[in-house]
file entry-v7.tsv (TSV, C-alpha atoms and all ligand atoms)
chain	number	residue	atom	x	y	z
A	1	MET	CA	-61.27	-8.24	17.34
A	2	SER	CA	-63.13	-9.76	14.41
A	3	ALA	CA	-62.67	-8.11	11.04
A	4	ARG	CA	-66.40	-7.54	10.84
A	5	GLU	CA	-66.57	-5.49	14.09
A	6	LEU	CA	-63.53	-3.48	13.25
A	7	LEU	CA	-64.68	-2.65	9.72
A	8	LYS	CA	-68.02	-1.42	11.07
A	9	LYS	CA	-66.28	0.93	13.52
A	10	ILE	CA	-64.26	2.61	10.78
A	11	GLY	CA	-67.17	2.73	8.33
A	12	ALA	CA	-65.28	0.66	5.80
A	13	ARG	CA	-66.73	-0.43	2.49
A	14	THR	CA	-65.75	-3.58	0.72
A	15	LEU	CA	-63.58	-3.41	-2.38
A	16	TYR	CA	-63.27	-7.15	-2.67
A	17	THR	CA	-63.91	-10.16	-0.47
A	18	PHE	CA	-62.08	-13.31	-1.38
A	19	ASN	CA	-62.88	-15.22	1.76
A	20	GLU	CA	-66.09	-14.46	3.72
A	21	GLU	CA	-64.88	-16.63	6.58
A	22	LEU	CA	-61.98	-14.29	7.24
A	23	LEU	CA	-64.53	-11.63	8.22
A	24	ASP	CA	-65.11	-13.56	11.44
A	25	LYS	CA	-61.41	-14.12	11.98
A	26	GLU	CA	-59.75	-12.31	14.89
A	27	TYR	CA	-57.12	-9.78	13.87
A	28	GLN	CA	-54.75	-8.48	16.53
A	29	PHE	CA	-52.15	-6.34	14.80
A	30	VAL	CA	-52.08	-3.38	12.44
A	31	PHE	CA	-49.22	-1.94	10.47
A	32	ALA	CA	-49.82	1.53	9.02
A	33	ALA	CA	-47.47	2.71	6.25
A	34	ASP	CA	-47.37	4.41	2.87
A	35	LEU	CA	-43.80	3.32	2.26
A	36	MET	CA	-43.72	-0.34	1.34
A	37	SER	CA	-40.20	-1.01	2.62
A	38	ASP	CA	-41.35	0.09	6.06
A	39	ALA	CA	-44.07	-2.54	5.88
A	40	LEU	CA	-41.65	-5.11	4.45
A	41	ALA	CA	-39.34	-4.57	7.42
A	42	MET	CA	-42.17	-5.80	9.61
A	43	ILE	CA	-41.70	-9.51	9.15
A	44	ASN	CA	-42.86	-11.44	12.14
A	45	ALA	CA	-44.61	-14.60	13.11
A	46	ASN	CA	-48.04	-12.99	13.27
A	47	THR	CA	-48.57	-11.67	9.78
A	48	ASP	CA	-51.69	-13.77	9.31
A	49	SER	CA	-53.42	-11.81	12.08
A	50	THR	CA	-52.04	-8.48	10.85
A	51	ILE	CA	-53.90	-5.86	8.83
A	52	LEU	CA	-52.04	-3.57	6.46
A	53	LEU	CA	-53.38	-0.01	6.67
A	54	THR	CA	-52.19	2.18	3.82
A	55	GLY	CA	-52.92	5.14	1.57
A	56	LEU	CA	-51.05	3.48	-1.25
A	57	ALA	CA	-53.73	1.95	-3.47
A	58	ASN	CA	-51.64	0.29	-6.17
A	59	ALA	CA	-50.18	-3.04	-7.28
A	60	GLN	CA	-47.18	-2.64	-4.99
A	61	SER	CA	-49.32	-2.54	-1.85
A	62	LEU	CA	-50.82	-5.85	-3.03
A	63	ARG	CA	-47.40	-7.36	-3.75
A	64	THR	CA	-46.14	-6.24	-0.35
A	65	ALA	CA	-49.04	-7.95	1.41
A	66	GLU	CA	-48.50	-11.04	-0.74
A	67	MET	CA	-44.83	-11.33	0.29
A	68	LEU	CA	-45.76	-10.92	3.97
A	69	ASP	CA	-48.71	-13.39	3.89
A	70	ILE	CA	-51.07	-10.61	4.93
A	71	SER	CA	-54.68	-11.38	3.93
A	72	MET	CA	-56.39	-8.07	4.67
A	73	ILE	CA	-55.69	-4.52	3.52
A	74	ILE	CA	-57.57	-1.35	4.47
A	75	TYR	CA	-57.05	1.70	2.29
A	76	VAL	CA	-57.50	5.09	3.96
A	77	ARG	CA	-58.83	8.41	2.61
A	78	GLY	CA	-61.37	6.65	0.40
A	79	LYS	CA	-58.73	5.25	-1.95
A	80	GLN	CA	-59.88	2.85	-4.67
A	81	LEU	CA	-57.91	0.32	-6.67
A	82	SER	CA	-57.85	0.53	-10.47
A	83	GLU	CA	-59.61	-2.24	-12.41
A	84	THR	CA	-56.27	-3.85	-13.28
A	85	ASP	CA	-55.09	-3.81	-9.69
A	86	LEU	CA	-58.40	-5.23	-8.53
A	87	GLU	CA	-57.95	-8.14	-10.95
A	88	LEU	CA	-54.50	-8.74	-9.48
A	89	ALA	CA	-55.97	-8.62	-5.96
A	90	LYS	CA	-58.48	-11.33	-6.92
A	91	GLU	CA	-55.67	-13.60	-8.09
A	92	MET	CA	-53.91	-13.00	-4.78
A	93	GLU	CA	-57.02	-13.87	-2.80
A	94	PHE	CA	-57.18	-10.84	-0.51
A	95	ASN	CA	-59.97	-9.17	1.43
A	96	LEU	CA	-59.79	-5.46	0.64
A	97	PHE	CA	-61.57	-2.50	2.20
A	98	SER	CA	-61.62	1.26	1.98
A	99	THR	CA	-62.45	3.87	4.62
A	100	ASN	CA	-62.93	7.61	4.26
A	101	LEU	CA	-61.01	8.18	7.49
A	102	THR	CA	-57.45	9.52	7.30
A	103	MET	CA	-54.52	7.34	8.33
A	104	PHE	CA	-54.37	9.19	11.68
A	105	GLU	CA	-58.08	8.87	12.41
A	106	CYS	CA	-58.28	5.25	11.38
A	107	SER	CA	-55.19	4.33	13.41
A	108	GLY	CA	-56.70	6.11	16.41
A	109	VAL	CA	-59.99	4.22	16.20
A	110	LEU	CA	-58.28	0.85	15.75
A	111	TYR	CA	-55.90	1.58	18.62
A	112	GLN	CA	-58.80	2.44	20.89
A	113	MET	CA	-60.44	-0.84	19.96
A	114	GLY	CA	-57.40	-2.64	21.34
A	115	MET	CA	-55.52	-3.40	18.14
A	116	LYS	CA	-51.75	-3.67	18.67
A	117	ALA	CA	-48.84	-2.38	16.65
A	118	ALA	CA	-47.22	-4.99	14.41
A	119	GLY	CA	-43.46	-5.08	14.63
A	120	ASN	CA	-40.68	-7.46	13.83
A	121	ASP	CA	-39.51	-10.02	16.30
B	122	MET	CA	-32.48	-29.36	-8.11
B	123	ILE	CA	-34.22	-26.28	-9.46
B	124	LYS	CA	-32.78	-23.57	-11.65
B	125	GLU	CA	-34.86	-20.71	-13.01
B	126	ILE	CA	-33.76	-17.53	-14.75
B	127	TYR	CA	-35.98	-14.46	-14.98
B	128	LYS	CA	-35.50	-11.21	-16.85
B	129	VAL	CA	-36.24	-7.88	-15.14
B	130	GLU	CA	-36.77	-4.75	-17.23
B	131	ARG	CA	-35.81	-1.28	-16.10
B	132	GLU	CA	-38.74	0.88	-14.98
B	133	ASP	CA	-41.25	-1.85	-15.74
B	134	PHE	CA	-43.55	-0.68	-12.97
B	135	ILE	CA	-46.47	-2.85	-14.11
B	136	ASN	CA	-44.64	-6.16	-13.75
B	137	ALA	CA	-42.48	-5.18	-10.78
B	138	GLY	CA	-42.80	-7.94	-8.22
B	139	LYS	CA	-44.01	-10.68	-10.57
B	140	VAL	CA	-40.76	-12.61	-10.43
B	141	SER	CA	-40.77	-12.57	-6.63
B	142	SER	CA	-44.33	-13.79	-6.68
B	143	LYS	CA	-43.35	-16.73	-8.94
B	144	ILE	CA	-40.37	-17.57	-6.76
B	145	LYS	CA	-42.53	-17.46	-3.64
B	146	THR	CA	-44.95	-19.90	-5.29
B	147	ILE	CA	-42.13	-22.33	-6.13
B	148	LEU	CA	-40.83	-22.24	-2.54
B	149	LYS	CA	-44.32	-22.65	-1.16
B	150	GLU	CA	-44.78	-25.78	-3.28
B	151	LEU	CA	-41.57	-27.10	-1.74
B	152	GLN	CA	-43.27	-26.56	1.64
B	153	VAL	CA	-40.75	-24.06	2.92
B	154	PRO	CA	-42.05	-23.05	6.39
B	155	GLY	CA	-43.89	-19.71	6.68
B	156	ALA	CA	-41.34	-17.65	8.59
B	157	LEU	CA	-38.45	-18.59	6.30
B	158	LEU	CA	-40.64	-18.26	3.22
B	159	ARG	CA	-41.55	-14.68	4.16
B	160	LYS	CA	-37.90	-13.77	4.69
B	161	ILE	CA	-36.89	-15.08	1.27
B	162	ALA	CA	-39.93	-13.51	-0.42
B	163	VAL	CA	-39.32	-10.11	1.16
B	164	ALA	CA	-35.61	-10.09	0.28
B	165	CYS	CA	-36.37	-11.18	-3.27
B	166	TYR	CA	-39.07	-8.55	-3.73
B	167	GLU	CA	-36.92	-5.70	-2.35
B	168	ALA	CA	-34.06	-6.73	-4.63
B	169	GLU	CA	-36.33	-7.09	-7.67
B	170	ILE	CA	-37.81	-3.62	-7.04
B	171	ASN	CA	-34.30	-2.18	-6.72
B	172	MET	CA	-33.46	-3.61	-10.15
B	173	VAL	CA	-36.60	-2.05	-11.62
B	174	ILE	CA	-36.26	1.39	-10.04
B	175	HIS	CA	-32.47	1.87	-9.80
B	176	SER	CA	-30.86	-0.24	-12.52
B	177	TYR	CA	-30.83	-0.62	-16.30
B	178	GLY	CA	-32.40	-4.06	-15.85
B	179	GLY	CA	-30.95	-7.52	-15.51
B	180	ILE	CA	-31.62	-11.09	-14.51
B	181	ILE	CA	-32.62	-12.96	-11.39
B	182	THR	CA	-31.42	-16.55	-10.98
B	183	LEU	CA	-33.07	-18.91	-8.52
B	184	HIS	CA	-31.07	-21.97	-7.65
B	185	ILE	CA	-32.17	-24.61	-5.17
B	186	SER	CA	-29.70	-27.43	-4.63
B	187	GLU	CA	-30.42	-31.06	-3.63
B	188	ASP	CA	-29.26	-30.35	-0.08
B	189	GLY	CA	-31.70	-27.43	0.26
B	190	LEU	CA	-29.56	-24.37	-0.33
B	191	VAL	CA	-31.68	-21.57	-1.77
B	192	HIS	CA	-29.53	-19.23	-3.79
B	193	LEU	CA	-30.84	-16.00	-5.31
B	194	LEU	CA	-28.60	-14.01	-7.61
B	195	PHE	CA	-29.53	-10.54	-8.89
B	196	GLU	CA	-27.35	-9.26	-11.72
B	197	ASP	CA	-27.97	-5.94	-13.44
B	198	THR	CA	-26.09	-3.97	-16.06
B	199	GLY	CA	-25.58	-0.67	-14.25
B	200	PRO	CA	-25.28	2.15	-13.34
B	201	GLY	CA	-24.02	0.59	-10.09
B	202	ILE	CA	-24.12	1.78	-6.51
B	203	LYS	CA	-21.66	4.63	-6.03
B	204	ASP	CA	-21.27	4.41	-2.28
B	205	LEU	CA	-22.07	0.96	-0.91
B	206	ASN	CA	-21.73	1.99	2.72
B	207	ALA	CA	-24.23	4.78	2.25
B	208	ALA	CA	-26.61	2.49	0.35
B	209	LEU	CA	-26.58	0.01	3.24
B	210	THR	CA	-27.43	2.74	5.75
B	211	PRO	CA	-31.12	2.78	6.75
B	212	GLY	CA	-32.79	5.86	5.27
B	213	PHE	CA	-30.37	6.45	2.40
B	214	SER	CA	-32.21	6.65	-0.93
B	215	THR	CA	-31.78	8.13	-4.39
B	216	ALA	CA	-35.20	6.86	-5.56
B	217	SER	CA	-36.92	8.83	-8.32
B	218	ASP	CA	-40.32	10.51	-7.92
B	219	LYS	CA	-41.84	7.68	-9.95
B	220	ALA	CA	-40.41	5.09	-7.55
B	221	ARG	CA	-41.70	7.10	-4.59
B	222	GLU	CA	-45.18	7.20	-6.12
B	223	MET	CA	-45.08	3.40	-6.19
B	224	GLY	CA	-44.39	3.38	-2.44
B	225	PHE	CA	-40.61	2.97	-2.51
B	226	GLY	CA	-37.72	5.19	-1.49
B	227	ALA	CA	-37.64	4.75	2.30
B	228	GLY	CA	-34.01	3.69	2.00
B	229	MET	CA	-34.87	0.52	3.89
B	230	GLY	CA	-34.59	-2.10	1.13
B	231	LEU	CA	-30.93	-3.10	1.35
B	232	PRO	CA	-30.85	-2.98	5.18
B	233	ASN	CA	-33.98	-5.19	5.19
B	234	ILE	CA	-32.47	-7.62	2.71
B	235	ARG	CA	-29.29	-7.89	4.74
B	236	ARG	CA	-31.24	-8.49	7.96
B	237	VAL	CA	-33.35	-11.35	6.60
B	238	SER	CA	-30.64	-13.12	4.59
B	239	GLU	CA	-28.49	-15.89	6.05
B	240	PHE	CA	-25.78	-15.01	3.55
B	241	PHE	CA	-25.57	-11.56	1.96
B	242	ASP	CA	-23.03	-10.23	-0.50
B	243	VAL	CA	-23.23	-7.20	-2.76
B	244	LYS	CA	-20.72	-6.14	-5.38
B	245	SER	CA	-21.08	-3.07	-7.52
B	246	SER	CA	-19.28	-1.09	-10.20
B	247	SER	CA	-20.42	1.18	-13.01
B	248	GLU	CA	-20.88	-2.02	-15.06
B	249	GLY	CA	-23.56	-3.26	-12.71
B	250	THR	CA	-24.56	-4.59	-9.34
B	251	THR	CA	-24.59	-8.22	-8.18
B	252	LEU	CA	-26.49	-9.22	-5.11
B	253	ASP	CA	-25.96	-12.74	-3.80
B	254	LEU	CA	-28.40	-14.06	-1.18
B	255	ARG	CA	-28.63	-17.53	0.38
B	256	TRP	CA	-30.66	-19.53	2.85
B	257	GLN	CA	-30.47	-23.13	3.98
B	258	LEU	CA	-33.82	-24.96	4.04
A	301	LIG	N1	-29.53	-2.43	-8.26
A	301	LIG	C1	-29.15	-1.18	-7.95
A	301	LIG	N2	-28.53	-0.41	-8.88
A	301	LIG	C2	-28.15	0.84	-8.58
A	301	LIG	N3	-28.35	1.42	-7.40
A	301	LIG	C3	-28.96	0.72	-6.44
A	301	LIG	C4	-29.40	-0.61	-6.66
A	301	LIG	N4	-29.96	-1.06	-5.50
A	301	LIG	C5	-29.87	-0.05	-4.63
A	301	LIG	N5	-29.27	1.03	-5.17
A	301	LIG	C6	-28.93	2.32	-4.50
A	301	LIG	O1	-28.92	2.11	-3.10
A	301	LIG	C7	-29.88	2.96	-2.46
A	301	LIG	C8	-30.46	2.25	-1.26
A	301	LIG	O2	-31.25	1.12	-1.68
A	301	LIG	P1	-32.44	0.65	-0.75
A	301	LIG	O3	-33.10	-0.50	-1.41
A	301	LIG	O4	-31.92	0.44	0.62
A	301	LIG	O5	-33.40	1.92	-0.69
A	301	LIG	P2	-34.41	2.47	-1.81
A	301	LIG	O6	-34.58	1.46	-2.89
A	301	LIG	O7	-33.97	3.82	-2.22
A	301	LIG	O8	-35.76	2.61	-0.96
A	301	LIG	P3	-36.66	1.39	-0.39
A	301	LIG	O9	-35.97	0.12	-0.73
A	301	LIG	O10	-36.75	1.63	1.07
A	301	LIG	O11	-37.98	1.54	-1.05
A	301	LIG	C9	-30.86	3.32	-3.55
A	301	LIG	O12	-31.57	4.50	-3.30
A	301	LIG	C10	-29.95	3.42	-4.76
A	301	LIG	O13	-29.25	4.64	-4.76
A	302	MG	MG	-35.03	-0.52	-2.41
call {"tool": "encode", "arguments": {"input": "entry-v7.tsv", "output": "structure tokens"}}
result
Amino acid sequence: MSARELLKKIGARTLYTFNEELLDKEYQFVFAADLMSDALAMINANTDSTILLTGLANAQSLRTAEMLDISMIIYVRGKQLSETDLELAKEMEFNLFSTNLTMFECSGVLYQMGMKAAGND
Amino acid sequence: MIKEIYKVEREDFINAGKVSSKIKTILKELQVPGALLRKIAVACYEAEINMVIHSYGGIITLHISEDGLVHLLFEDTGPGIKDLNAALTPGFSTASDKAREMGFGAGMGLPNIRRVSEFFDVKSSSEGTTLDLRWQL
């Protein structure tokens, strides 16, 4: 599933795009978590095709993605990053989006579209 | 040979994770392969966050030897981990509300660190906690 298609389905708006090309990249996995250690436990070989879905719009969600080599984060419930965190995100070269859907709704839509659960191997 | 020493301040929520980011950059420049790099970065970040949210602060030492041993040492000045067995159990956490707001407190950090480290040793007393982690490149 390309990022572009999937973002359209969940009505996502762009917070920041570092790399336009990644919008045509195929993503296969999603990890949904508000607790960063749960996400950090999910270290596998496929993190570059994994999307982090979270309601935690702060610097630590960015750091977590950075450590895992995740390039795309979707924030649920319309969450926005602060100016400072957005600056940090730019340094880290992420593509960031926000959807008004809840974690449950967004997960449901992505699951129906064929996205798979990310897990450690 | 590389040796770097970084200071970590207690409850410095703004900078939490910066040291791990720097260390990840150094390892990336050394062309450490992705899977191993992520393991080291994740362990380092979890341990750095623990110093920020649970300890009085301390230092992180990165040591990379000629023969490719990556050694990370986390030394803080207290208050120590009262029950190490409990702390190593998935789900056990004494994290503050502030730490939980940041997205921590699942009680998964130490179990994660142990799982991704090739060598793992933790020592703790009321004087402080020392976490010793190693990987061979
Ligand atoms: N450096 C430290 N100094 C004092 N206590 C610590 C330290 N590191 C861990 N602990 C204690 O061990 C517990 C378990 O740590 P662990 O990292 O597994 O979970 P956590 O930090 O509470 O939550 P998580 O890491 O999942 O966000 C902590 O809640 C805390 O009580
Ligand atoms: Mg922890």
call {"tool": "residues_near_ligand", "arguments": {"input": "entry-v7.tsv", "ligand": "ligand MG 302 (chain A)", "cutoff": "6 Å", "atoms": "only C-alpha atoms and all ligand atoms", "output": "list of chain:residue names"}}
result
B:Glu167, B:Asn171, B:Gly230
call {"tool": "write_last_selection", "arguments": {"input": "entry-v7.tsv", "atoms": "C-alpha atoms", "output": "PDB file, in the frame of the given file"}}
result
ATOM      1  CA  GLU B 167     -36.920  -5.700  -2.350  1.00  0.00           C
ATOM      2  CA  ASN B 171     -34.300  -2.180  -6.720  1.00  0.00           C
ATOM      3  CA  GLY B 230     -34.590  -2.100   1.130  1.00  0.00           C
TER       4      GLY B 230
END
call {"tool": "residues_near_ligand", "arguments": {"input": "entry-v7.tsv", "ligand": "ligand LIG 301 (chain A)", "cutoff": "7 Å", "atoms": "only C-alpha atoms and all ligand atoms", "output": "MDAnalysis selection string"}}
result
(chainID A and resid 35:38) or (chainID B and resid 167 171:172 175:176 197 199:202 208:209 211 213:216 224:232 249:250)
call {"tool": "interface_residues", "arguments": {"input": "entry-v7.tsv", "of": "chain B", "to": "chain A", "cutoff": "12 Å", "atoms": "all atoms listed in the file", "output": "PyMOL selection string"}}
result
chain B and resi 134-146+148-149+154-171+211-212+214+220-237
call {"tool": "atom_distance", "arguments": {"input": "entry-v7.tsv", "atom1": "CA of Asp48 in chain A", "atom2": "CA of Ser107 in chain A"}}
result
18.9 Å
call {"tool": "atom_distance", "arguments": {"input": "entry-v7.tsv", "atom1": "CA of Tyr177 in chain B", "atom2": "CA of Ala207 in chain B"}}
result
20.4 Å
call {"tool": "residues_around", "arguments": {"input": "entry-v7.tsv", "residues": "Lys128 in chain B", "least_positions_apart": "2", "cutoff": "10 Å", "atoms": "all atoms listed in the file", "output": "number ranges by chain"}}
result
B: 126, 130-131, 140, 178-182, 195-197
